[in-house]
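Q: One file is attached below, input_28.cif, containing mmCIF, C-alpha atoms.
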data_start
loop_
_atom_site.label_atom_id
_atom_site.label_comp_id
_atom_site.auth_asym_id
_atom_site.auth_seq_id
_atom_site.Cartn_x
_atom_site.Cartn_y
_atom_site.Cartn_z
CA MET T 17 -65.99 -54.24 -63.34
CA THR T 18 -65.53 -53.80 -67.09
CA VAL T 19 -61.93 -53.99 -68.37
CA ALA T 20 -62.24 -54.24 -72.17
CA THR T 21 -64.64 -54.23 -75.10
CA SER T 22 -64.53 -55.77 -78.56
CA GLY T 23 -67.21 -56.11 -81.23
CA SER T 24 -70.41 -56.81 -79.30
CA ARG T 25 -68.62 -58.15 -76.23
CA ILE T 26 -67.82 -56.68 -72.82
CA ARG T 27 -65.02 -58.31 -70.82
CA LEU T 28 -65.20 -58.21 -67.04
CA ALA T 29 -62.33 -58.17 -64.56
CA ASP T 30 -63.12 -61.75 -63.46
CA GLY T 31 -62.66 -63.02 -67.01
CA ARG T 32 -66.31 -63.34 -67.98
CA GLU T 33 -67.61 -61.96 -71.27
CA LEU T 34 -71.05 -60.46 -71.74
CA ILE T 35 -72.82 -59.99 -75.06
CA ASP T 36 -73.87 -56.34 -75.15
CA GLY T 37 -77.50 -55.86 -76.09
CA VAL T 38 -77.48 -52.11 -75.45
CA ALA T 39 -74.40 -50.92 -77.42
CA SER T 40 -73.52 -48.48 -74.64
CA TRP T 41 -76.88 -46.74 -74.75
CA TRP T 42 -77.07 -47.36 -78.51
CA THR T 43 -73.95 -45.35 -79.34
CA ALA T 44 -71.68 -48.19 -80.51
CA CYS T 45 -73.57 -48.79 -83.74
CA HIS T 46 -70.52 -50.39 -85.43
CA GLY T 47 -69.61 -52.45 -82.37
CA TYR T 48 -66.69 -51.70 -80.09
CA ASN T 49 -63.12 -51.07 -81.24
CA HIS T 50 -63.82 -51.00 -84.95
CA PRO T 51 -60.35 -50.76 -86.56
CA HIS T 52 -61.33 -47.95 -88.93
CA LEU T 53 -62.53 -45.78 -86.05
CA LEU T 54 -59.46 -46.52 -83.96
CA ALA T 55 -57.09 -45.78 -86.84
CA ALA T 56 -58.74 -42.43 -87.59
CA MET T 57 -58.63 -41.43 -83.94
CA LYS T 58 -55.01 -42.52 -83.51
CA ASP T 59 -53.98 -40.44 -86.52
CA GLN T 60 -55.85 -37.38 -85.23
CA LEU T 61 -54.59 -37.88 -81.69
CA GLU T 62 -50.99 -37.76 -82.87
CA ARG T 63 -51.55 -34.61 -84.93
CA MET T 64 -53.99 -32.47 -82.91
CA PRO T 65 -56.30 -33.88 -80.23
CA HIS T 66 -57.88 -30.51 -79.51
CA ILE T 67 -57.92 -26.87 -80.50
CA MET T 68 -60.49 -24.22 -79.64
CA PHE T 69 -63.20 -23.58 -82.24
CA GLY T 70 -63.52 -19.85 -81.64
CA GLY T 71 -62.04 -17.59 -84.27
CA ILE T 72 -60.12 -20.49 -85.84
CA ASN T 73 -61.28 -23.75 -87.37
CA HIS T 74 -59.90 -27.09 -88.50
CA GLU T 75 -60.36 -29.62 -91.27
CA PRO T 76 -62.07 -32.47 -89.32
CA ALA T 77 -64.89 -30.17 -88.22
CA LEU T 78 -65.32 -28.51 -91.62
CA LYS T 79 -65.38 -31.90 -93.33
CA LEU T 80 -67.90 -33.28 -90.83
CA ALA T 81 -70.18 -30.25 -91.11
CA LYS T 82 -70.26 -30.58 -94.90
CA ARG T 83 -71.03 -34.28 -94.67
CA LEU T 84 -73.83 -33.79 -92.14
CA ALA T 85 -75.33 -31.00 -94.28
CA ALA T 86 -75.33 -33.34 -97.27
CA LEU T 87 -76.70 -36.28 -95.28
CA THR T 88 -79.57 -34.63 -93.41
CA PRO T 89 -82.88 -34.04 -95.24
CA GLY T 90 -83.77 -30.93 -97.21
CA ASP T 91 -81.93 -27.71 -96.48
CA LEU T 92 -80.72 -28.68 -93.02
CA GLU T 93 -77.32 -27.27 -93.86
CA ARG T 94 -75.99 -25.19 -90.95
CA VAL T 95 -74.22 -27.18 -88.23
CA PHE T 96 -73.49 -26.11 -84.66
CA PHE T 97 -71.23 -28.53 -82.76
CA SER T 98 -71.39 -29.20 -79.04
CA ASP T 99 -70.27 -31.97 -76.74
CA SER T 100 -73.37 -33.96 -75.72
CA GLY T 101 -76.92 -34.68 -76.79
CA SER T 102 -78.36 -32.67 -73.93
CA VAL T 103 -76.35 -29.64 -74.96
CA ALA T 104 -77.40 -30.12 -78.60
CA VAL T 105 -81.01 -29.84 -77.41
CA GLU T 106 -80.20 -26.82 -75.23
CA VAL T 107 -78.66 -25.16 -78.29
CA ALA T 108 -81.74 -25.99 -80.37
CA LEU T 109 -84.01 -24.41 -77.75
CA LYS T 110 -81.86 -21.28 -77.64
CA MET T 111 -81.86 -21.15 -81.43
CA ALA T 112 -85.64 -21.35 -81.54
CA VAL T 113 -86.19 -18.66 -78.91
CA GLN T 114 -83.60 -16.27 -80.37
CA TYR T 115 -84.88 -16.92 -83.90
CA TRP T 116 -88.15 -15.24 -82.95
CA SER T 117 -86.43 -12.55 -80.89
CA ASN T 118 -84.23 -11.66 -83.87
CA LYS T 119 -87.38 -11.43 -85.98
CA GLY T 120 -88.96 -8.96 -83.57
CA GLN T 121 -91.13 -11.40 -81.57
CA PRO T 122 -89.31 -11.79 -78.22
CA ASN T 123 -92.41 -13.07 -76.42
CA ARG T 124 -92.28 -16.33 -78.39
CA CYS T 125 -90.20 -18.25 -75.86
CA LYS T 126 -92.35 -21.23 -74.83
CA ILE T 127 -91.60 -24.78 -75.98
CA VAL T 128 -94.20 -27.48 -76.60
CA SER T 129 -93.10 -31.05 -75.88
CA PHE T 130 -94.93 -34.34 -75.43
CA ARG T 131 -95.87 -36.67 -72.60
CA ASN T 132 -93.40 -39.52 -72.15
CA GLY T 133 -90.76 -37.33 -73.76
CA TYR T 134 -87.14 -37.26 -72.67
CA HIS T 135 -84.62 -34.76 -74.06
CA GLY T 136 -81.68 -34.76 -71.64
CA ASP T 137 -80.62 -33.87 -68.13
CA THR T 138 -79.53 -30.23 -68.30
CA ALA T 139 -81.82 -27.51 -66.98
CA ALA T 140 -83.71 -26.48 -70.12
CA CYS T 141 -83.93 -30.12 -71.20
CA MET T 142 -85.46 -31.16 -67.88
CA ALA T 143 -88.17 -28.55 -68.40
CA ILE T 144 -89.35 -30.21 -71.61
CA CYS T 145 -89.29 -33.80 -70.32
CA ASP T 146 -92.47 -35.43 -69.06
CA PRO T 147 -93.11 -33.67 -65.71
CA GLU T 148 -95.07 -36.55 -64.17
CA ASP T 149 -93.52 -39.80 -65.38
CA GLY T 150 -90.08 -38.49 -66.29
CA MET T 151 -86.75 -38.69 -64.47
CA HIS T 152 -86.67 -35.15 -63.13
CA LYS T 153 -89.50 -34.88 -60.59
CA HIS T 154 -87.13 -33.47 -57.97
CA PHE T 155 -86.62 -30.38 -60.14
CA GLU T 156 -90.19 -29.67 -61.24
CA HIS T 157 -90.37 -26.53 -59.10
CA SER T 158 -87.00 -25.15 -60.18
CA VAL T 159 -87.18 -25.37 -63.97
CA THR T 160 -89.00 -23.06 -66.36
CA LYS T 161 -92.55 -24.26 -66.95
CA GLN T 162 -93.15 -25.30 -70.54
CA LEU T 163 -96.16 -26.69 -72.42
CA ILE T 164 -96.72 -30.46 -72.38
CA ALA T 165 -99.15 -32.04 -74.85
CA ASP T 166 -100.29 -35.50 -75.88
CA LEU T 167 -98.97 -36.84 -79.16
CA PRO T 168 -101.62 -36.38 -81.88
CA ALA T 169 -102.40 -40.09 -82.19
CA ASP T 170 -106.15 -39.73 -82.69
CA GLU T 171 -108.75 -37.12 -83.58
CA LYS T 172 -109.10 -35.81 -80.03
CA SER T 173 -105.39 -35.37 -79.32
CA THR T 174 -104.82 -33.89 -82.77
CA SER T 175 -107.55 -31.33 -82.16
CA GLN T 176 -106.10 -30.50 -78.75
CA LEU T 177 -102.63 -29.86 -80.17
CA ASP T 178 -104.12 -27.80 -82.98
CA GLU T 179 -106.01 -25.68 -80.48
CA LEU T 180 -102.95 -25.24 -78.24
CA LEU T 181 -100.79 -24.02 -81.11
CA SER T 182 -103.54 -21.72 -82.31
CA ALA T 183 -104.40 -20.22 -78.92
CA ARG T 184 -100.81 -19.66 -77.76
CA LYS T 185 -99.00 -19.08 -81.02
CA SER T 186 -97.81 -15.66 -79.87
CA GLU T 187 -95.95 -17.36 -76.97
CA ILE T 188 -94.64 -20.50 -78.65
CA ALA T 189 -91.19 -20.67 -80.21
CA ALA T 190 -91.09 -24.34 -81.15
CA VAL T 191 -92.42 -27.85 -80.78
CA ILE T 192 -89.87 -30.57 -79.99
CA ILE T 193 -90.38 -34.28 -80.59
CA GLU T 194 -88.43 -37.53 -80.52
CA PRO T 195 -89.36 -38.92 -83.92
CA LEU T 196 -90.96 -42.41 -83.95
CA VAL T 197 -89.52 -43.55 -80.60
CA GLN T 198 -89.65 -41.87 -77.19
CA GLY T 199 -86.59 -43.53 -75.68
CA GLY T 200 -86.24 -42.37 -72.08
CA GLY T 201 -90.01 -42.32 -71.65
CA GLY T 202 -90.17 -46.10 -71.90
CA MET T 203 -89.30 -46.94 -75.52
CA LYS T 204 -92.75 -45.85 -76.69
CA PHE T 205 -93.38 -45.86 -80.44
CA HIS T 206 -95.58 -43.71 -82.63
CA ASP T 207 -96.06 -44.03 -86.36
CA ALA T 208 -94.92 -41.81 -89.20
CA ARG T 209 -98.43 -40.39 -89.61
CA THR T 210 -98.29 -39.00 -86.08
CA LEU T 211 -94.92 -37.39 -86.77
CA LYS T 212 -96.22 -35.96 -90.05
CA CYS T 213 -99.25 -34.58 -88.22
CA VAL T 214 -96.98 -32.72 -85.77
CA ALA T 215 -94.97 -31.27 -88.66
CA ASP T 216 -98.12 -30.21 -90.51
CA LEU T 217 -99.55 -28.47 -87.43
CA CYS T 218 -96.26 -26.63 -86.88
CA ALA T 219 -96.33 -25.44 -90.48
CA LYS T 220 -99.99 -24.44 -90.19
CA HIS T 221 -99.36 -22.29 -87.12
CA GLU T 222 -95.89 -21.06 -88.17
CA VAL T 223 -94.13 -22.66 -85.20
CA LEU T 224 -90.62 -24.07 -85.49
CA LEU T 225 -90.25 -27.86 -85.36
CA ILE T 226 -87.27 -29.42 -83.56
CA VAL T 227 -86.64 -33.14 -83.94
CA ASP T 228 -84.49 -34.72 -81.26
CA GLU T 229 -82.69 -37.49 -83.16
CA VAL T 230 -80.04 -38.01 -80.49
CA PHE T 231 -81.39 -41.55 -79.99
CA THR T 232 -82.98 -42.26 -83.35
CA GLY T 233 -80.37 -40.74 -85.66
CA PHE T 234 -77.82 -42.71 -87.67
CA GLY T 235 -79.89 -45.70 -88.64
CA ARG T 236 -81.39 -46.86 -85.36
CA THR T 237 -84.99 -46.88 -86.65
CA GLY T 238 -84.12 -48.29 -90.08
CA THR T 239 -83.47 -45.07 -91.99
CA MET T 240 -80.52 -42.77 -91.49
CA PHE T 241 -82.82 -40.37 -89.64
CA ALA T 242 -86.23 -41.26 -88.25
CA CYS T 243 -87.89 -38.14 -89.65
CA GLU T 244 -87.23 -39.44 -93.18
CA GLN T 245 -89.94 -42.05 -92.65
CA ALA T 246 -92.53 -39.28 -92.38
CA GLY T 247 -91.11 -37.34 -95.33
CA ILE T 248 -90.60 -34.21 -93.24
CA VAL T 249 -87.81 -31.65 -92.94
CA PRO T 250 -87.72 -30.14 -89.44
CA ASP T 251 -86.47 -26.64 -88.85
CA ILE T 252 -83.83 -27.88 -86.40
CA MET T 253 -82.39 -31.37 -85.82
CA CYS T 254 -80.42 -32.56 -82.78
CA LEU T 255 -77.80 -35.28 -83.21
CA GLY T 256 -75.49 -37.10 -80.81
CA LYS T 257 -74.83 -40.57 -79.35
CA ALA T 258 -74.01 -42.69 -82.43
CA LEU T 259 -72.51 -39.67 -84.23
CA THR T 260 -68.99 -40.89 -83.34
CA GLY T 261 -69.79 -44.60 -83.42
CA GLY T 262 -69.68 -44.81 -79.63
CA THR T 263 -66.10 -43.62 -79.19
CA MET T 264 -66.17 -39.95 -78.16
CA THR T 265 -68.72 -37.49 -76.91
CA LEU T 266 -69.87 -35.14 -79.69
CA ALA T 267 -73.19 -33.64 -80.73
CA ALA T 268 -74.56 -31.36 -83.40
CA THR T 269 -77.54 -29.07 -83.83
CA VAL T 270 -78.38 -28.70 -87.51
CA ALA T 271 -80.59 -25.84 -88.72
CA ARG T 272 -82.38 -25.06 -91.96
CA ARG T 273 -81.38 -22.12 -94.09
CA HIS T 274 -84.16 -19.78 -92.93
CA VAL T 275 -83.26 -20.38 -89.28
CA PHE T 276 -79.61 -19.55 -89.94
CA GLU T 277 -80.55 -16.42 -91.89
CA ALA T 278 -82.31 -14.97 -88.84
CA PHE T 279 -78.89 -14.86 -87.13
CA TRP T 280 -76.85 -13.71 -90.15
CA SER T 281 -76.26 -10.04 -89.37
CA ASP T 282 -73.61 -7.37 -88.85
CA ASP T 283 -75.29 -6.74 -85.49
CA PRO T 284 -73.38 -8.82 -82.90
CA ASN T 285 -76.52 -8.97 -80.76
CA LYS T 286 -78.10 -11.19 -83.42
CA ALA T 287 -75.43 -13.87 -82.98
CA LEU T 288 -76.13 -17.12 -81.12
CA MET T 289 -74.03 -16.75 -78.00
CA HIS T 290 -73.15 -20.30 -77.11
CA GLY T 291 -69.61 -21.70 -77.14
CA PRO T 292 -68.76 -25.02 -75.46
CA THR T 293 -65.06 -25.25 -74.61
CA TYR T 294 -64.69 -28.55 -76.47
CA MET T 295 -66.97 -27.53 -79.30
CA ALA T 296 -65.98 -29.38 -82.52
CA ASN T 297 -63.21 -31.28 -80.72
CA PRO T 298 -60.95 -32.51 -83.56
CA LEU T 299 -60.52 -35.99 -82.11
CA ALA T 300 -64.28 -36.46 -81.84
CA CYS T 301 -64.82 -35.01 -85.33
CA ALA T 302 -62.27 -37.47 -86.72
CA ALA T 303 -64.18 -40.31 -85.08
CA ALA T 304 -67.47 -39.02 -86.50
CA ASN T 305 -66.02 -38.77 -90.00
CA ALA T 306 -64.74 -42.33 -89.70
CA SER T 307 -68.18 -43.46 -88.52
CA LEU T 308 -69.79 -41.87 -91.58
CA ASP T 309 -67.19 -43.67 -93.71
CA LEU T 310 -68.49 -46.96 -92.32
CA PHE T 311 -72.07 -46.08 -93.16
CA GLU T 312 -70.89 -45.47 -96.72
CA ARG T 313 -68.65 -48.55 -97.01
CA GLU T 314 -70.48 -51.19 -95.01
CA PRO T 315 -74.16 -52.26 -95.32
CA ARG T 316 -75.36 -50.76 -92.04
CA LEU T 317 -78.97 -50.00 -93.01
CA GLN T 318 -79.34 -53.45 -94.59
CA GLN T 319 -77.99 -54.91 -91.35
CA VAL T 320 -80.58 -52.94 -89.38
CA LYS T 321 -83.32 -54.32 -91.62
CA ARG T 322 -82.08 -57.84 -90.93
CA LEU T 323 -81.96 -57.18 -87.17
CA GLU T 324 -85.52 -55.89 -87.30
CA ALA T 325 -86.76 -59.08 -88.95
CA LEU T 326 -84.85 -61.35 -86.58
CA MET T 327 -85.97 -59.53 -83.43
CA ARG T 328 -89.60 -59.59 -84.57
CA GLN T 329 -89.34 -63.31 -85.05
CA GLN T 330 -87.37 -64.15 -81.93
CA LEU T 331 -89.16 -61.88 -79.44
CA GLU T 332 -92.74 -62.56 -80.56
CA VAL T 333 -93.12 -65.55 -78.24
CA CYS T 334 -92.75 -63.20 -75.26
CA ARG T 335 -96.36 -62.13 -75.79
CA LYS T 336 -97.40 -65.43 -74.22
CA PHE T 337 -95.64 -64.75 -70.92
CA PRO T 338 -97.47 -63.43 -67.83
CA HIS T 339 -97.57 -59.64 -67.43
CA VAL T 340 -96.32 -59.00 -70.98
CA VAL T 341 -98.67 -56.57 -72.72
CA ASP T 342 -96.73 -55.72 -75.89
CA VAL T 343 -93.78 -56.70 -78.04
CA ARG T 344 -92.66 -54.10 -80.57
CA VAL T 345 -89.73 -53.68 -82.92
CA ILE T 346 -88.59 -50.89 -85.20
CA GLY T 347 -85.20 -50.97 -86.88
CA ALA T 348 -82.58 -52.09 -84.36
CA ILE T 349 -84.83 -51.50 -81.34
CA GLY T 350 -86.68 -54.39 -79.74
CA VAL T 351 -88.99 -53.87 -76.76
CA VAL T 352 -90.95 -56.19 -74.47
CA GLN T 353 -93.38 -54.24 -72.31
CA PHE T 354 -94.96 -55.36 -69.05
CA ASP T 355 -98.05 -54.29 -67.16
CA GLN T 356 -95.98 -53.19 -64.18
CA GLU T 357 -92.68 -51.59 -63.20
CA LEU T 358 -89.80 -54.07 -63.14
CA ASP T 359 -87.31 -54.86 -60.40
CA HIS T 360 -84.40 -53.57 -62.45
CA LYS T 361 -81.57 -54.76 -60.20
CA THR T 362 -82.89 -58.33 -60.13
CA VAL T 363 -83.63 -58.41 -63.84
CA ARG T 364 -80.20 -57.05 -64.72
CA GLN T 365 -78.49 -59.67 -62.56
CA LYS T 366 -80.47 -62.45 -64.23
CA PHE T 367 -79.33 -61.24 -67.62
CA VAL T 368 -75.70 -61.20 -66.46
CA GLU T 369 -76.14 -64.81 -65.34
CA GLN T 370 -77.24 -65.55 -68.90
CA GLY T 371 -74.01 -63.98 -70.20
CA CYS T 372 -75.72 -60.86 -71.52
CA TRP T 373 -75.76 -57.14 -70.78
CA ILE T 374 -79.38 -56.10 -71.26
CA ARG T 375 -81.20 -53.19 -69.67
CA SER T 376 -84.69 -52.92 -68.34
CA TRP T 377 -86.29 -49.50 -67.97
CA LYS T 378 -89.56 -48.57 -66.34
CA ASP T 379 -92.00 -51.26 -67.48
CA CYS T 380 -89.98 -52.74 -70.33
CA VAL T 381 -86.93 -54.72 -71.36
CA TYR T 382 -85.23 -53.48 -74.51
CA LEU T 383 -82.53 -54.44 -76.99
CA THR T 384 -80.53 -51.85 -78.97
CA PRO T 385 -77.55 -53.88 -80.24
CA ALA T 386 -74.75 -52.89 -82.58
CA PHE T 387 -75.90 -53.00 -86.19
CA ASN T 388 -73.20 -55.50 -87.17
CA ILE T 389 -73.77 -57.89 -84.29
CA SER T 390 -73.55 -61.53 -85.39
CA GLU T 391 -76.76 -63.50 -85.76
CA ASP T 392 -75.51 -65.95 -83.13
CA ASP T 393 -74.94 -63.17 -80.60
CA LEU T 394 -78.32 -61.65 -81.36
CA ALA T 395 -79.94 -65.07 -80.90
CA ALA T 396 -78.20 -65.35 -77.51
CA LEU T 397 -79.61 -61.96 -76.51
CA THR T 398 -83.18 -62.77 -77.53
CA LYS T 399 -82.93 -66.18 -75.87
CA ALA T 400 -81.82 -64.49 -72.64
CA VAL T 401 -84.84 -62.18 -72.86
CA ARG T 402 -87.16 -65.17 -73.30
CA VAL T 403 -85.54 -67.10 -70.44
CA VAL T 404 -85.48 -64.24 -67.96
CA ILE T 405 -88.99 -63.06 -68.79
CA GLY T 406 -90.28 -66.61 -68.66
CA GLU T 407 -88.85 -66.99 -65.16
CA SER T 408 -90.28 -63.70 -63.90
#
Let me see the structure of the file written as structure tokens.
A:
Amino acid sequence: MTVATSGSRIRLADGRELIDGVASWWTACHGYNHPHLLAAMKDQLERMPHIMFGGINHEPALKLAKRLAALTPGDLERVFFSDSGSVAVEVALKMAVQYWSNKGQPNRCKIVSFRNGYHGDTAACMAICDPEDGMHKHFEHSVTKQLIADLPADEKSTSQLDELLSARKSEIAAVIIEPLVQGGGGMKFHDARTLKCVADLCAKHEVLLIVDEVFTGFGRTGTMFACEQAGIVPDIMCLGKALTGGTMTLAATVARRHVFEAFWSDDPNKALMHGPTYMANPLACAAANASLDLFEREPRLQQVKRLEALMRQQLEVCRKFPHVVDVRVIGAIGVVQFDQELDHKTVRQKFVEQGCWIRSWKDCVYLTPAFNISEDDLAALTKAVRVVIGES
């Protein structure tokens, strides 16, 4: 049982400490219990922990929206707050479908997503996850069927996506992609050229592009947002997880100007009808503003660059171990992939015995530590990976 956290450490009820190599599913990008985050939340908690965001507003949300609009690429300037990454994606899907409906094309309601994709656990999100190798096989007959394609990684797959978008343009509202890294699908990487190809095909066929940066956003791949590495500006961006530095649940769906303008009308039927009860929760917004302060004040992206170099160096030897087929690193994500599914319970216990909290998933072991983890703690994590994999 966990009883406390601090920095990159998890304290257990029996007194043991584990070095956290996952940062609570990569949310705690500044480590746990950062004093600036705690102080901002304490101040907000004492003044106003929550107020509805319907018909009235508040300063923490307005400040955060302005900062996100300034931080995200291009004219991604209209922010819709929700309370989890899955809901941020649901909102993006609704935006895309209603965008076309408001423009007089209500039949454009299909979504194209990619194999090995994962976008959340709510109903519409399950429908755009990989239907064969994803987490939601039990629900394949109860969710709306969408269009699944291969990432355009070569000439054949590029041509297939081009043909799909051309043939079914009148049905398609948007394409959604996890930029550079498909997290829940097994930490699978694709390069910036592939991402740029998807964006170019969307532009060619006049289909909206949604980037799901719930995992990759806020520095995890080495730039503030992964899509920056391809030089693209999506129509809609989904944010969550590290938005509050791993303290509170909060998410945002950010839209470009032309998307927003399709909803800007005196006709109430043109409005986006979605209103989470805890939308723009002031306490969470205060945490998110404090997290953005830390990105401005502390060298987070430089720290990510250093982590990338160290993990490349320290994990490379794993290629020599039996059943290891790949070692890959981007930003603060390190992955060792096997040629078979792992026994996750056994592997996790071995890592605990090494004094580390490290996750395996599908056929890989991965590290997604806090950006400001010490070099000694990172070395302990990578050593544990080498030891446990070497014993397997």
Q: Any idea what's packed within 10 Å of T:Glu222, counting all atoms listed in the file, ignoring anything in its chain fewer than 6 positions away? Could you give it as a list of chain:residue names?
A: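 Residues meeting the cut-off are T:Leu181, T:Ser182, T:Lys185, T:Ile188, T:Ala189, T:Ala190, T:Asp216.
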Q: Emit the selected residues as an mmCIF file, in the frame of the given file, including C-alpha atoms.
A:
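Result file is out-v3.cif:
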data_model
loop_
_atom_site.group_PDB
_atom_site.id
_atom_site.type_symbol
_atom_site.label_atom_id
_atom_site.label_comp_id
_atom_site.auth_asym_id
_atom_site.auth_seq_id
_atom_site.Cartn_x
_atom_site.Cartn_y
_atom_site.Cartn_z
ATOM 1 C CA LEU T 181 -100.790 -24.020 -81.110
ATOM 2 C CA SER T 182 -103.540 -21.720 -82.310
ATOM 3 C CA LYS T 185 -99.000 -19.080 -81.020
ATOM 4 C CA ILE T 188 -94.640 -20.500 -78.650
ATOM 5 C CA ALA T 189 -91.190 -20.670 -80.210
ATOM 6 C CA ALA T 190 -91.090 -24.340 -81.150
ATOM 7 C CA ASP T 216 -98.120 -30.210 -90.510
#
Q: How would you write, as a list in words, the residues chosen by the PyMOL selection byres ((chain T and resi 342) around 10) on this structure?
A: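 Here the PyMOL selection byres ((chain T and resi 342) around 10) matches Glu332, Cys334, Arg335, Lys336, His339, Val340, Val341, Val343, Arg344, Val351, Val352, Gln353, Phe354, Asp355 and Cys380 of chain T.
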Q: Could you spell out the hits of the PyMOL selection byres ((chain T and resi 294-305) around 8) on the shown file, as a PyMOL selection string?
A: chain T and resi 53-54+56-57+60-61+64-69+74+76-77+79-80+97-99+259-261+263-266+291-293+306-309
Q: Check what the PyMOL selection byres ((chain T and resi 20) around 12) selects in the file above and give those residues as a PDB file with C-alpha atoms, keeping the file's coordinate frame.
A:
ATOM      1  CA  MET T  17     -65.990 -54.240 -63.340  1.00  0.00           C
ATOM      2  CA  THR T  18     -65.530 -53.800 -67.090  1.00  0.00           C
ATOM      3  CA  VAL T  19     -61.930 -53.990 -68.370  1.00  0.00           C
ATOM      4  CA  THR T  21     -64.640 -54.230 -75.100  1.00  0.00           C
ATOM      5  CA  SER T  22     -64.530 -55.770 -78.560  1.00  0.00           C
ATOM      6  CA  GLY T  23     -67.210 -56.110 -81.230  1.00  0.00           C
ATOM      7  CA  SER T  24     -70.410 -56.810 -79.300  1.00  0.00           C
ATOM      8  CA  ARG T  25     -68.620 -58.150 -76.230  1.00  0.00           C
ATOM      9  CA  ILE T  26     -67.820 -56.680 -72.820  1.00  0.00           C
ATOM     10  CA  ARG T  27     -65.020 -58.310 -70.820  1.00  0.00           C
ATOM     11  CA  LEU T  28     -65.200 -58.210 -67.040  1.00  0.00           C
ATOM     12  CA  ALA T  29     -62.330 -58.170 -64.560  1.00  0.00           C
ATOM     13  CA  ASP T  30     -63.120 -61.750 -63.460  1.00  0.00           C
ATOM     14  CA  GLY T  31     -62.660 -63.020 -67.010  1.00  0.00           C
ATOM     15  CA  ARG T  32     -66.310 -63.340 -67.980  1.00  0.00           C
ATOM     16  CA  GLU T  33     -67.610 -61.960 -71.270  1.00  0.00           C
ATOM     17  CA  LEU T  34     -71.050 -60.460 -71.740  1.00  0.00           C
ATOM     18  CA  TYR T  48     -66.690 -51.700 -80.090  1.00  0.00           C
ATOM     19  CA  ASN T  49     -63.120 -51.070 -81.240  1.00  0.00           C
TER      20      ASN T  49
END
Q: Point out the residue among T:Ser281, T:Gln198, T:Asn123, T:Thr210 with the least atom-to-atom distance to T:Phe231, counting all atoms listed in the file.
A: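 Of T:Ser281, T:Gln198, T:Asn123, T:Thr210, the one nearest T:Phe231 is T:Gln198, counting all atoms listed in the file.
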